[in-house]
Amino acid sequence: STATLNDTSSARFSHSLRVNDLLGTPLIGGPQHVSCKRTDQPGSQGFLARHDGYVARFGLLHERELKLSTNGNVLAGRDRFLRPGNAAIRNNGRDFVTVRFHIHPATGLLQDQHGRLVLTAEQADTWVFTCTDVA
């Protein structure tokens, strides 16, 4: 999965046909500073990662936090965008975030009566996606 800002990747790829024919589509730019720290707590393990791939263009950092319960049954995550120095951001309607997930074709996907996304795998494993605090 990934979160993108204004339908723009934080990475930059070559658009040169000559280079692409020789090397594929190489990465030519992207985040310069990436930090990651573990956030282990009783009952869960996780990490908090942040990169500056959107700072030059939009003035925002991207941060992702994931926590997995010790028994492996609950994966909680959060993506957010912040200004360098953690300054407050106002939702002025200028910037839009999209979160995309790659779902296997054999996985069932539906929206329940509470607006949550429910994914069901072949072995009856079920994942429920919720999104709170959306402004």
# chains A, B, ... in the order shown; residues from 1 in each chain; ligands from 1
>>> residues_around(residues="range 91-102 of chain A", least_positions_apart="5", cutoff="12 Å", atoms="only C-alpha atoms", output="count of residues only")
30
>>> select_by_dssp(residues="range 45-79 of chain A", states="strand (DSSP E)", output="mmCIF file with C-alpha atoms, in the first residue's frame")
data_model
loop_
_atom_site.group_PDB
_atom_site.id
_atom_site.type_symbol
_atom_site.label_atom_id
_atom_site.label_comp_id
_atom_site.auth_asym_id
_atom_site.auth_seq_id
_atom_site.Cartn_x
_atom_site.Cartn_y
_atom_site.Cartn_z
ATOM 1 C CA GLN A 45 5.547 -4.392 17.819
ATOM 2 C CA GLY A 46 5.748 -1.616 15.288
ATOM 3 C CA PHE A 47 7.578 1.217 13.642
ATOM 4 C CA LEU A 48 7.211 4.898 12.835
ATOM 5 C CA ALA A 49 8.779 5.996 9.529
ATOM 6 C CA ARG A 50 8.965 9.408 7.897
ATOM 7 C CA HIS A 51 10.348 10.782 4.619
ATOM 8 C CA ASP A 52 10.784 14.167 2.960
ATOM 9 C CA GLY A 53 9.828 13.137 -0.588
ATOM 10 C CA TYR A 54 7.019 15.733 -0.752
ATOM 11 C CA LEU A 60 4.927 18.288 3.562
ATOM 12 C CA LEU A 61 6.508 15.228 5.177
ATOM 13 C CA HIS A 62 4.895 11.772 4.914
ATOM 14 C CA GLU A 63 4.756 9.658 8.063
ATOM 15 C CA ARG A 64 3.544 6.051 8.412
ATOM 16 C CA GLU A 65 3.048 4.121 11.623
ATOM 17 C CA LEU A 66 2.268 0.394 11.745
ATOM 18 C CA LYS A 67 1.690 -1.769 14.837
ATOM 19 C CA LEU A 68 1.164 -5.533 14.876
ATOM 20 C CA SER A 69 -0.343 -7.178 17.940
ATOM 21 C CA LEU A 75 -2.477 -4.680 12.324
ATOM 22 C CA ALA A 76 -3.130 -0.994 12.982
ATOM 23 C CA GLY A 77 -1.671 1.741 10.836
ATOM 24 C CA ARG A 78 -1.747 5.456 10.274
ATOM 25 C CA ASP A 79 -0.498 7.658 7.454
#
>>> select_by_dssp(residues="chain A", states="alpha helix (DSSP H)", output="list of chain:residue names")
A:Leu17, A:Arg18, A:Val19, A:Asn20, A:Asp21, A:Leu22, A:Leu23, A:Val55, A:Ala56, A:Arg57, A:Phe58
>>> closest_residue(among="A:Cys36, A:Val55, A:Ala11, A:Ala121", to="Pro84 in chain A", atoms="only C-alpha atoms")
A:Val55
>>> atom_distance(atom1="CA of Ile103 in chain A", atom2="CA of Asn71 in chain A")
23.3 Å
